[in-house]
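Just work.txt here, compact mmCIF, N, CA, C and O atoms:
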# COMPACT_ATOMS: atom_id res chain seq x y z
N SER A 1 10.07 22.77 10.62
CA SER A 1 9.25 21.69 11.16
C SER A 1 7.97 22.26 11.74
O SER A 1 7.91 23.40 12.16
N ALA A 2 6.97 21.43 11.81
CA ALA A 2 5.66 21.85 12.28
C ALA A 2 5.66 22.06 13.80
O ALA A 2 6.42 21.44 14.53
N ASP A 3 4.80 22.94 14.25
CA ASP A 3 4.64 23.22 15.67
C ASP A 3 4.10 21.95 16.35
O ASP A 3 3.01 21.49 16.02
N PRO A 4 4.82 21.39 17.31
CA PRO A 4 4.36 20.17 17.96
C PRO A 4 3.04 20.36 18.71
O PRO A 4 2.25 19.43 18.83
N ASN A 5 2.78 21.58 19.19
CA ASN A 5 1.52 21.84 19.87
C ASN A 5 0.34 21.74 18.91
O ASN A 5 -0.74 21.28 19.30
N LEU A 6 0.53 22.17 17.67
CA LEU A 6 -0.53 22.07 16.67
C LEU A 6 -0.81 20.60 16.37
O LEU A 6 -1.96 20.18 16.28
N PHE A 7 0.26 19.80 16.23
CA PHE A 7 0.08 18.37 16.03
C PHE A 7 -0.71 17.76 17.19
O PHE A 7 -1.67 17.03 16.98
N LEU A 8 -0.28 18.05 18.42
CA LEU A 8 -0.94 17.48 19.59
C LEU A 8 -2.40 17.89 19.67
O LEU A 8 -3.26 17.08 20.06
N ALA A 9 -2.69 19.12 19.31
CA ALA A 9 -4.08 19.59 19.32
C ALA A 9 -4.92 18.81 18.31
O ALA A 9 -6.01 18.33 18.65
N GLN A 10 -4.43 18.68 17.09
CA GLN A 10 -5.17 17.95 16.05
C GLN A 10 -5.36 16.49 16.46
O GLN A 10 -6.44 15.92 16.32
N TYR A 11 -4.30 15.89 16.99
CA TYR A 11 -4.35 14.49 17.42
C TYR A 11 -5.37 14.32 18.55
O TYR A 11 -6.23 13.43 18.50
N ALA A 12 -5.30 15.18 19.56
CA ALA A 12 -6.20 15.07 20.72
C ALA A 12 -7.66 15.27 20.31
O ALA A 12 -8.55 14.54 20.79
N ILE A 13 -7.91 16.23 19.45
CA ILE A 13 -9.29 16.45 18.98
C ILE A 13 -9.77 15.22 18.20
O ILE A 13 -10.89 14.75 18.39
N GLY A 14 -8.91 14.70 17.33
CA GLY A 14 -9.28 13.51 16.56
C GLY A 14 -9.60 12.33 17.44
O GLY A 14 -10.61 11.63 17.24
N VAL A 15 -8.77 12.08 18.44
CA VAL A 15 -9.01 10.96 19.36
C VAL A 15 -10.31 11.18 20.14
O VAL A 15 -11.12 10.26 20.28
N ALA A 16 -10.52 12.40 20.63
CA ALA A 16 -11.74 12.69 21.38
C ALA A 16 -12.99 12.47 20.52
O ALA A 16 -13.97 11.89 20.98
N LEU A 17 -12.93 12.91 19.28
CA LEU A 17 -14.08 12.71 18.38
C LEU A 17 -14.30 11.23 18.08
O LEU A 17 -15.44 10.76 18.03
N ALA A 18 -13.23 10.48 17.92
CA ALA A 18 -13.36 9.04 17.67
C ALA A 18 -14.01 8.36 18.87
O ALA A 18 -14.86 7.47 18.69
N ARG A 19 -13.66 8.77 20.07
CA ARG A 19 -14.24 8.17 21.28
C ARG A 19 -15.73 8.48 21.38
O ARG A 19 -16.47 7.76 22.05
N GLN A 20 -16.16 9.55 20.71
CA GLN A 20 -17.58 9.92 20.68
C GLN A 20 -18.28 9.33 19.46
O GLN A 20 -19.42 9.68 19.17
N ALA A 21 -17.57 8.46 18.72
CA ALA A 21 -18.09 7.82 17.51
C ALA A 21 -18.40 8.82 16.40
O ALA A 21 -19.26 8.58 15.55
N LYS A 22 -17.70 9.94 16.39
CA LYS A 22 -17.82 10.94 15.33
C LYS A 22 -16.63 10.74 14.39
O LYS A 22 -15.70 11.54 14.32
N TYR A 23 -16.68 9.62 13.68
CA TYR A 23 -15.51 9.14 12.95
C TYR A 23 -15.10 10.04 11.78
O TYR A 23 -13.91 10.24 11.56
N SER A 24 -16.06 10.57 11.05
CA SER A 24 -15.69 11.43 9.91
C SER A 24 -14.94 12.66 10.38
O SER A 24 -13.92 13.03 9.79
N ALA A 25 -15.42 13.29 11.43
CA ALA A 25 -14.74 14.47 11.97
C ALA A 25 -13.39 14.06 12.56
O ALA A 25 -12.39 14.78 12.40
N ALA A 26 -13.35 12.92 13.22
CA ALA A 26 -12.09 12.43 13.80
C ALA A 26 -11.05 12.23 12.71
O ALA A 26 -9.89 12.62 12.87
N ILE A 27 -11.46 11.63 11.62
CA ILE A 27 -10.55 11.37 10.50
C ILE A 27 -9.96 12.66 9.96
O ILE A 27 -8.76 12.73 9.67
N GLU A 28 -10.77 13.71 9.86
CA GLU A 28 -10.26 15.00 9.37
C GLU A 28 -9.13 15.52 10.26
O GLU A 28 -8.09 15.95 9.76
N HIS A 29 -9.34 15.50 11.56
CA HIS A 29 -8.33 16.01 12.49
C HIS A 29 -7.09 15.11 12.53
O HIS A 29 -5.96 15.61 12.58
N LEU A 30 -7.31 13.82 12.50
CA LEU A 30 -6.17 12.90 12.52
C LEU A 30 -5.36 13.01 11.23
O LEU A 30 -4.13 12.91 11.25
N HIS A 31 -6.04 13.24 10.12
CA HIS A 31 -5.34 13.44 8.85
C HIS A 31 -4.44 14.69 8.94
O HIS A 31 -3.29 14.67 8.49
N LYS A 32 -4.98 15.76 9.53
CA LYS A 32 -4.18 16.98 9.71
C LYS A 32 -2.98 16.71 10.62
O LYS A 32 -1.88 17.21 10.36
N ALA A 33 -3.19 15.92 11.66
CA ALA A 33 -2.09 15.57 12.57
C ALA A 33 -1.00 14.82 11.81
O ALA A 33 0.20 15.10 11.97
N ILE A 34 -1.40 13.88 10.96
CA ILE A 34 -0.43 13.10 10.18
C ILE A 34 0.29 13.98 9.17
O ILE A 34 1.49 13.80 8.93
N GLU A 35 -0.40 14.95 8.60
CA GLU A 35 0.27 15.89 7.70
C GLU A 35 1.36 16.64 8.43
O GLU A 35 2.42 16.92 7.87
N LEU A 36 1.12 16.97 9.69
CA LEU A 36 2.09 17.72 10.50
C LEU A 36 3.25 16.83 10.96
O LEU A 36 4.38 17.29 11.04
N GLN A 37 2.94 15.57 11.28
CA GLN A 37 3.97 14.63 11.73
C GLN A 37 3.70 13.27 11.10
O GLN A 37 3.06 12.41 11.71
N PRO A 38 4.18 13.05 9.88
CA PRO A 38 3.91 11.82 9.15
C PRO A 38 4.39 10.54 9.85
O PRO A 38 3.87 9.47 9.58
N ASP A 39 5.36 10.66 10.75
CA ASP A 39 5.89 9.49 11.43
C ASP A 39 5.15 9.15 12.73
O ASP A 39 5.57 8.25 13.45
N ALA A 40 4.08 9.85 13.03
CA ALA A 40 3.36 9.65 14.28
C ALA A 40 2.56 8.34 14.26
O ALA A 40 1.45 8.27 13.73
N ALA A 41 3.14 7.31 14.84
CA ALA A 41 2.54 5.97 14.80
C ALA A 41 1.15 5.93 15.42
O ALA A 41 0.24 5.29 14.90
N TRP A 42 0.99 6.61 16.55
CA TRP A 42 -0.32 6.58 17.23
C TRP A 42 -1.39 7.27 16.40
O TRP A 42 -2.55 6.84 16.40
N ALA A 43 -1.04 8.31 15.68
CA ALA A 43 -2.01 8.98 14.81
C ALA A 43 -2.43 8.04 13.68
O ALA A 43 -3.60 7.99 13.30
N HIS A 44 -1.47 7.28 13.15
CA HIS A 44 -1.81 6.31 12.11
C HIS A 44 -2.73 5.23 12.65
O HIS A 44 -3.69 4.83 11.98
N TYR A 45 -2.47 4.79 13.88
CA TYR A 45 -3.36 3.79 14.48
C TYR A 45 -4.77 4.36 14.65
O TYR A 45 -5.75 3.72 14.27
N GLU A 46 -4.87 5.54 15.22
CA GLU A 46 -6.19 6.13 15.49
C GLU A 46 -6.97 6.39 14.21
O GLU A 46 -8.17 6.12 14.15
N ILE A 47 -6.30 6.90 13.17
CA ILE A 47 -7.03 7.15 11.92
C ILE A 47 -7.41 5.81 11.27
O ILE A 47 -8.51 5.67 10.73
N GLY A 48 -6.53 4.83 11.36
CA GLY A 48 -6.86 3.51 10.82
C GLY A 48 -8.06 2.90 11.50
O GLY A 48 -8.96 2.36 10.85
N ALA A 49 -8.11 3.00 12.83
CA ALA A 49 -9.24 2.47 13.58
C ALA A 49 -10.53 3.21 13.22
O ALA A 49 -11.60 2.60 13.10
N SER A 50 -10.44 4.53 13.04
CA SER A 50 -11.62 5.31 12.66
C SER A 50 -12.08 4.96 11.24
O SER A 50 -13.27 4.85 10.97
N LEU A 51 -11.13 4.80 10.34
CA LEU A 51 -11.47 4.42 8.96
C LEU A 51 -12.13 3.04 8.93
O LEU A 51 -13.04 2.80 8.14
N LEU A 52 -11.69 2.17 9.78
CA LEU A 52 -12.30 0.84 9.89
C LEU A 52 -13.77 0.97 10.27
O LEU A 52 -14.63 0.29 9.71
N LYS A 53 -14.07 1.89 11.19
CA LYS A 53 -15.45 2.11 11.63
C LYS A 53 -16.32 2.70 10.53
O LYS A 53 -17.54 2.53 10.54
N THR A 54 -15.71 3.40 9.56
CA THR A 54 -16.48 3.98 8.46
C THR A 54 -16.51 3.07 7.24
O THR A 54 -17.01 3.46 6.19
N ALA A 55 -15.95 1.87 7.37
CA ALA A 55 -15.90 0.86 6.31
C ALA A 55 -15.00 1.25 5.14
O ALA A 55 -15.15 0.73 4.05
N ASP A 56 -14.05 2.14 5.38
CA ASP A 56 -13.03 2.47 4.37
C ASP A 56 -11.84 1.56 4.64
O ASP A 56 -10.80 1.97 5.14
N PHE A 57 -12.02 0.29 4.33
CA PHE A 57 -11.07 -0.74 4.71
C PHE A 57 -9.72 -0.61 4.02
O PHE A 57 -8.68 -0.81 4.64
N LYS A 58 -9.73 -0.24 2.75
CA LYS A 58 -8.47 -0.13 2.02
C LYS A 58 -7.58 0.98 2.59
O LYS A 58 -6.38 0.81 2.75
N THR A 59 -8.17 2.12 2.89
CA THR A 59 -7.38 3.21 3.46
C THR A 59 -6.98 2.88 4.89
O THR A 59 -5.87 3.20 5.32
N ALA A 60 -7.86 2.19 5.61
CA ALA A 60 -7.52 1.77 6.98
C ALA A 60 -6.29 0.88 6.96
O ALA A 60 -5.40 1.03 7.81
N ILE A 61 -6.22 -0.02 6.00
CA ILE A 61 -5.08 -0.93 5.90
C ILE A 61 -3.77 -0.15 5.76
O ILE A 61 -2.78 -0.46 6.41
N VAL A 62 -3.78 0.87 4.92
CA VAL A 62 -2.57 1.68 4.72
C VAL A 62 -2.07 2.22 6.06
O VAL A 62 -0.89 2.08 6.40
N HIS A 63 -2.95 2.82 6.81
CA HIS A 63 -2.55 3.44 8.08
C HIS A 63 -2.23 2.40 9.15
O HIS A 63 -1.28 2.56 9.93
N LEU A 64 -3.00 1.32 9.18
CA LEU A 64 -2.75 0.30 10.20
C LEU A 64 -1.47 -0.48 9.93
O LEU A 64 -0.81 -0.92 10.87
N GLU A 65 -1.11 -0.63 8.67
CA GLU A 65 0.18 -1.27 8.36
C GLU A 65 1.33 -0.40 8.88
O GLU A 65 2.30 -0.92 9.43
N ILE A 66 1.21 0.90 8.72
CA ILE A 66 2.24 1.80 9.25
C ILE A 66 2.28 1.68 10.78
O ILE A 66 3.35 1.57 11.37
N ALA A 67 1.11 1.69 11.40
CA ALA A 67 1.05 1.61 12.86
C ALA A 67 1.66 0.31 13.37
O ALA A 67 2.43 0.33 14.35
N THR A 68 1.34 -0.81 12.74
CA THR A 68 1.87 -2.09 13.23
C THR A 68 3.37 -2.20 13.01
O THR A 68 4.07 -2.83 13.81
N GLN A 69 3.88 -1.57 11.98
CA GLN A 69 5.33 -1.57 11.76
C GLN A 69 6.04 -0.76 12.83
O GLN A 69 7.11 -1.13 13.29
N ARG A 70 5.43 0.33 13.23
CA ARG A 70 6.08 1.23 14.20
C ARG A 70 5.75 0.88 15.65
O ARG A 70 6.45 1.31 16.57
N LEU A 71 4.66 0.14 15.84
CA LEU A 71 4.24 -0.27 17.18
C LEU A 71 4.05 -1.80 17.19
O LEU A 71 2.94 -2.30 17.39
N PRO A 72 5.11 -2.56 16.95
CA PRO A 72 4.97 -4.01 16.76
C PRO A 72 4.41 -4.76 17.96
O PRO A 72 3.84 -5.84 17.80
N GLU A 73 4.52 -4.20 19.15
CA GLU A 73 4.03 -4.88 20.36
C GLU A 73 2.60 -4.47 20.74
O GLU A 73 2.06 -4.99 21.71
N PHE A 74 2.01 -3.55 19.98
CA PHE A 74 0.68 -3.03 20.31
C PHE A 74 -0.39 -3.91 19.66
O PHE A 74 -0.74 -3.73 18.49
N ALA A 75 -0.91 -4.86 20.42
CA ALA A 75 -1.85 -5.85 19.90
C ALA A 75 -3.11 -5.26 19.26
O ALA A 75 -3.57 -5.76 18.22
N PRO A 76 -3.72 -4.20 19.82
CA PRO A 76 -4.92 -3.65 19.18
C PRO A 76 -4.70 -3.21 17.73
O PRO A 76 -5.61 -3.30 16.90
N ALA A 77 -3.50 -2.75 17.41
CA ALA A 77 -3.22 -2.35 16.02
C ALA A 77 -3.24 -3.57 15.10
O ALA A 77 -3.78 -3.52 14.00
N HIS A 78 -2.68 -4.68 15.57
CA HIS A 78 -2.68 -5.91 14.78
C HIS A 78 -4.10 -6.45 14.62
O HIS A 78 -4.47 -6.93 13.54
N THR A 79 -4.89 -6.37 15.67
CA THR A 79 -6.28 -6.83 15.61
C THR A 79 -7.08 -5.99 14.62
O THR A 79 -7.84 -6.53 13.81
N ALA A 80 -6.92 -4.69 14.67
CA ALA A 80 -7.63 -3.80 13.75
C ALA A 80 -7.21 -4.08 12.31
O ALA A 80 -8.05 -4.13 11.40
N LEU A 81 -5.90 -4.28 12.10
CA LEU A 81 -5.41 -4.58 10.75
C LEU A 81 -5.98 -5.91 10.27
O LEU A 81 -6.40 -6.03 9.12
N ALA A 82 -6.04 -6.90 11.15
CA ALA A 82 -6.63 -8.19 10.79
C ALA A 82 -8.09 -8.02 10.38
O ALA A 82 -8.53 -8.62 9.39
N ASP A 83 -8.83 -7.21 11.11
CA ASP A 83 -10.24 -6.96 10.77
C ASP A 83 -10.35 -6.32 9.39
O ASP A 83 -11.21 -6.69 8.58
N ALA A 84 -9.48 -5.35 9.12
CA ALA A 84 -9.51 -4.69 7.81
C ALA A 84 -9.17 -5.68 6.70
O ALA A 84 -9.82 -5.67 5.64
N TYR A 85 -8.17 -6.51 6.94
CA TYR A 85 -7.82 -7.54 5.96
C TYR A 85 -9.01 -8.47 5.70
O TYR A 85 -9.30 -8.82 4.55
N GLU A 86 -9.68 -8.89 6.76
CA GLU A 86 -10.86 -9.78 6.60
C GLU A 86 -11.91 -9.15 5.71
O GLU A 86 -12.48 -9.82 4.85
N HIS A 87 -12.16 -7.86 5.91
CA HIS A 87 -13.19 -7.17 5.13
C HIS A 87 -12.81 -7.01 3.66
O HIS A 87 -13.68 -6.75 2.82
N THR A 88 -11.54 -7.14 3.35
CA THR A 88 -11.11 -7.01 1.95
C THR A 88 -10.77 -8.37 1.35
O THR A 88 -10.15 -8.44 0.29
N GLY A 89 -11.14 -9.45 2.04
CA GLY A 89 -10.95 -10.79 1.50
C GLY A 89 -9.53 -11.32 1.63
O GLY A 89 -9.18 -12.29 0.97
N ARG A 90 -8.73 -10.72 2.47
CA ARG A 90 -7.34 -11.15 2.65
C ARG A 90 -7.22 -11.98 3.94
O ARG A 90 -6.56 -11.60 4.89
N SER A 91 -7.88 -13.13 3.92
CA SER A 91 -7.98 -13.97 5.12
C SER A 91 -6.63 -14.45 5.64
O SER A 91 -6.40 -14.51 6.84
N GLU A 92 -5.72 -14.80 4.74
CA GLU A 92 -4.41 -15.28 5.18
C GLU A 92 -3.63 -14.18 5.88
O GLU A 92 -2.96 -14.42 6.88
N HIS A 93 -3.71 -12.96 5.34
CA HIS A 93 -3.06 -11.82 5.99
C HIS A 93 -3.67 -11.58 7.38
O HIS A 93 -2.96 -11.27 8.34
N ALA A 94 -5.00 -11.73 7.45
CA ALA A 94 -5.70 -11.52 8.72
C ALA A 94 -5.22 -12.54 9.75
O ALA A 94 -4.96 -12.17 10.91
N LYS A 95 -5.11 -13.79 9.36
CA LYS A 95 -4.65 -14.83 10.29
C LYS A 95 -3.25 -14.52 10.82
O LYS A 95 -2.97 -14.68 12.01
N LYS A 96 -2.40 -14.07 9.92
CA LYS A 96 -1.02 -13.72 10.30
C LYS A 96 -1.00 -12.59 11.33
O LYS A 96 -0.28 -12.65 12.32
N GLU A 97 -1.83 -11.58 11.10
CA GLU A 97 -1.89 -10.44 12.03
C GLU A 97 -2.46 -10.87 13.39
O GLU A 97 -1.98 -10.42 14.42
N ARG A 98 -3.44 -11.74 13.38
CA ARG A 98 -4.04 -12.18 14.64
C ARG A 98 -3.04 -12.96 15.48
O ARG A 98 -3.11 -12.94 16.70
N ARG A 99 -2.12 -13.65 14.84
CA ARG A 99 -1.09 -14.39 15.58
C ARG A 99 -0.09 -13.45 16.26
O ARG A 99 0.53 -13.83 17.23
N LYS A 100 0.03 -12.25 15.73
CA LYS A 100 0.98 -11.29 16.31
C LYS A 100 0.39 -10.73 17.58
O LYS A 100 0.97 -10.35 18.49
As a first step, turn the structure in this file into structure tokens.
Amino acid sequence: SADPNLFLAQYAIGVALARQAKYSAAIEHLHKAIELQPDAAWAHYEIGASLLKTADFKTAIVHLEIATQRLPEFAPAHTALADAYEHTGRSEHAKKERRK
């Protein structure tokens, strides 16, 4: 199994870069974090949110769907997924996510 400290480092760097609006760099680190721990729901949320900011809506949906499945009570993940759905013309899916 992967070193949890390496995962945490990649995740923390990715989140910090996202907070600085350096989304491309954030995505790289968050992708590495997900490679180390594919089940990390928060990493999927953070990369999905960053991908949304770069207008990569289809890839954002993949990660945000994982995040919402694993974090069903986390409203920001549902909101981000709804936004991604809206940008890809999936209005009904967006409405459903916004209700969650």
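Pairwise distance (atom CA of His29 of chain A, atom CA of His44 of chain A) equals 11.7 Å.
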Mind listing the alpha helix (DSSP H) residues of chain A, per DSSP on the backbone, as JSON, numbers by chain? {"A": [4, 5, 6, 7, 8, 9, 10, 11, 12, 13, 14, 15, 16, 17, 18, 19, 23, 24, 25, 26, 27, 28, 29, 30, 31, 32, 33, 34, 35, 36, 41, 42, 43, 44, 45, 46, 47, 48, 49, 50, 51, 52, 53, 57, 58, 59, 60, 61, 62, 63, 64, 65, 66, 67, 68, 69, 70, 75, 76, 77, 78, 79, 80, 81, 82, 83, 84, 85, 86, 87, 91, 92, 93, 94, 95, 96, 97, 98, 99]}
Find the residues near segment 11-21 of chain A: any atom within 9 Å, counting only C-alpha atoms, skip ones fewer than 2 places away on the same chain, and give them as JSON, numbers by chain. {"A": [6, 7, 8, 9, 23, 24, 25, 26, 27, 28, 29, 30, 31, 32, 33, 34, 42, 43, 46, 47, 49, 50, 53]}
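Closest approach to Gly48 of chain A among A:Ala84, A:Leu36, A:Ala94, A:Leu71: A:Ala84, based on all atoms listed in the file.
Atom CA of Asp83 of chain A is found 12.7 Å from atom CA of Arg99 of chain A.
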Please identify all polymer residues lying at most 10 Å from the point (8.2, 6.1, 14.6) (file coordinates), using only C-alpha atoms, and present the result as a list in words. Gln37, Pro38, Asp39, Ala40, Ala41, Trp42, Ile66, Ala67, Gln69, Arg70 and Leu71 of chain A
How about saving the chosen residues, N, CA, C and O atoms kept, as a PDB file, in the coordinates of the input?
ATOM      1  N   GLN A  37       2.940  15.570  11.280  1.00  0.00           N
ATOM      2  CA  GLN A  37       3.970  14.630  11.730  1.00  0.00           C
ATOM      3  C   GLN A  37       3.700  13.270  11.100  1.00  0.00           C
ATOM      4  O   GLN A  37       3.060  12.410  11.710  1.00  0.00           O
ATOM      5  N   PRO A  38       4.180  13.050   9.880  1.00  0.00           N
ATOM      6  CA  PRO A  38       3.910  11.820   9.150  1.00  0.00           C
ATOM      7  C   PRO A  38       4.390  10.540   9.850  1.00  0.00           C
ATOM      8  O   PRO A  38       3.870   9.470   9.580  1.00  0.00           O
ATOM      9  N   ASP A  39       5.360  10.660  10.750  1.00  0.00           N
ATOM     10  CA  ASP A  39       5.890   9.490  11.430  1.00  0.00           C
ATOM     11  C   ASP A  39       5.150   9.150  12.730  1.00  0.00           C
ATOM     12  O   ASP A  39       5.570   8.250  13.450  1.00  0.00           O
ATOM     13  N   ALA A  40       4.080   9.850  13.030  1.00  0.00           N
ATOM     14  CA  ALA A  40       3.360   9.650  14.280  1.00  0.00           C
ATOM     15  C   ALA A  40       2.560   8.340  14.260  1.00  0.00           C
ATOM     16  O   ALA A  40       1.450   8.270  13.730  1.00  0.00           O
ATOM     17  N   ALA A  41       3.140   7.310  14.840  1.00  0.00           N
ATOM     18  CA  ALA A  41       2.540   5.970  14.800  1.00  0.00           C
ATOM     19  C   ALA A  41       1.150   5.930  15.420  1.00  0.00           C
ATOM     20  O   ALA A  41       0.240   5.290  14.900  1.00  0.00           O
ATOM     21  N   TRP A  42       0.990   6.610  16.550  1.00  0.00           N
ATOM     22  CA  TRP A  42      -0.320   6.580  17.230  1.00  0.00           C
ATOM     23  C   TRP A  42      -1.390   7.270  16.400  1.00  0.00           C
ATOM     24  O   TRP A  42      -2.550   6.840  16.400  1.00  0.00           O
ATOM     25  N   ILE A  66       1.210   0.900   8.720  1.00  0.00           N
ATOM     26  CA  ILE A  66       2.240   1.800   9.250  1.00  0.00           C
ATOM     27  C   ILE A  66       2.280   1.680  10.780  1.00  0.00           C
ATOM     28  O   ILE A  66       3.350   1.570  11.370  1.00  0.00           O
ATOM     29  N   ALA A  67       1.110   1.690  11.400  1.00  0.00           N
ATOM     30  CA  ALA A  67       1.050   1.610  12.860  1.00  0.00           C
ATOM     31  C   ALA A  67       1.660   0.310  13.370  1.00  0.00           C
ATOM     32  O   ALA A  67       2.430   0.330  14.350  1.00  0.00           O
ATOM     33  N   GLN A  69       3.880  -1.570  11.980  1.00  0.00           N
ATOM     34  CA  GLN A  69       5.330  -1.570  11.760  1.00  0.00           C
ATOM     35  C   GLN A  69       6.040  -0.760  12.830  1.00  0.00           C
ATOM     36  O   GLN A  69       7.110  -1.130  13.290  1.00  0.00           O
ATOM     37  N   ARG A  70       5.430   0.330  13.230  1.00  0.00           N
ATOM     38  CA  ARG A  70       6.080   1.230  14.200  1.00  0.00           C
ATOM     39  C   ARG A  70       5.750   0.880  15.650  1.00  0.00           C
ATOM     40  O   ARG A  70       6.450   1.310  16.570  1.00  0.00           O
ATOM     41  N   LEU A  71       4.660   0.140  15.840  1.00  0.00           N
ATOM     42  CA  LEU A  71       4.240  -0.270  17.180  1.00  0.00           C
ATOM     43  C   LEU A  71       4.050  -1.800  17.190  1.00  0.00           C
ATOM     44  O   LEU A  71       2.940  -2.300  17.390  1.00  0.00           O
TER      45      LEU A  71
END
With all heavy atoms as the target, complete segment 26-33 of chain A and hand it back as a compact mmCIF listing (two decimals), in the coordinates of the input.
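File written: selection-v5.txt
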# COMPACT_ATOMS: atom_id res chain seq x y z
N ALA A 26 -13.35 12.92 13.22
CA ALA A 26 -12.09 12.43 13.80
C ALA A 26 -11.05 12.23 12.71
O ALA A 26 -9.89 12.62 12.87
CB ALA A 26 -12.33 11.13 14.55
N ILE A 27 -11.46 11.63 11.62
CA ILE A 27 -10.55 11.37 10.50
C ILE A 27 -9.96 12.66 9.96
O ILE A 27 -8.76 12.73 9.67
CB ILE A 27 -11.27 10.55 9.40
CG1 ILE A 27 -11.53 9.13 9.91
CG2 ILE A 27 -10.48 10.55 8.10
CD1 ILE A 27 -12.55 8.35 9.10
N GLU A 28 -10.77 13.71 9.86
CA GLU A 28 -10.26 15.00 9.37
C GLU A 28 -9.13 15.52 10.26
O GLU A 28 -8.09 15.95 9.76
CB GLU A 28 -11.39 16.03 9.33
CG GLU A 28 -12.40 15.79 8.22
CD GLU A 28 -13.49 16.84 8.23
OE1 GLU A 28 -13.19 18.02 8.52
OE2 GLU A 28 -14.65 16.48 7.95
N HIS A 29 -9.34 15.50 11.56
CA HIS A 29 -8.33 16.01 12.49
C HIS A 29 -7.09 15.11 12.53
O HIS A 29 -5.96 15.61 12.58
CB HIS A 29 -8.92 16.19 13.88
CG HIS A 29 -9.86 17.35 13.96
ND1 HIS A 29 -9.42 18.65 14.10
CD2 HIS A 29 -11.20 17.41 13.87
CE1 HIS A 29 -10.47 19.46 14.11
NE2 HIS A 29 -11.56 18.73 13.98
N LEU A 30 -7.31 13.82 12.50
CA LEU A 30 -6.17 12.90 12.52
C LEU A 30 -5.36 13.01 11.23
O LEU A 30 -4.13 12.91 11.25
CB LEU A 30 -6.65 11.47 12.77
CG LEU A 30 -7.22 11.26 14.17
CD1 LEU A 30 -8.02 9.97 14.23
CD2 LEU A 30 -6.11 11.26 15.21
N HIS A 31 -6.04 13.24 10.12
CA HIS A 31 -5.34 13.44 8.85
C HIS A 31 -4.44 14.69 8.94
O HIS A 31 -3.29 14.67 8.49
CB HIS A 31 -6.34 13.57 7.71
CG HIS A 31 -5.70 13.75 6.37
ND1 HIS A 31 -5.05 12.74 5.71
CD2 HIS A 31 -5.58 14.84 5.58
CE1 HIS A 31 -4.56 13.21 4.58
NE2 HIS A 31 -4.88 14.48 4.47
N LYS A 32 -4.98 15.76 9.53
CA LYS A 32 -4.18 16.98 9.71
C LYS A 32 -2.98 16.71 10.62
O LYS A 32 -1.88 17.21 10.36
CB LYS A 32 -5.04 18.10 10.29
CG LYS A 32 -6.06 18.64 9.30
CD LYS A 32 -6.97 19.67 9.95
CE LYS A 32 -8.06 20.09 9.00
NZ LYS A 32 -9.05 20.98 9.64
N ALA A 33 -3.19 15.92 11.66
CA ALA A 33 -2.09 15.57 12.57
C ALA A 33 -1.00 14.82 11.81
O ALA A 33 0.20 15.10 11.97
CB ALA A 33 -2.61 14.74 13.73
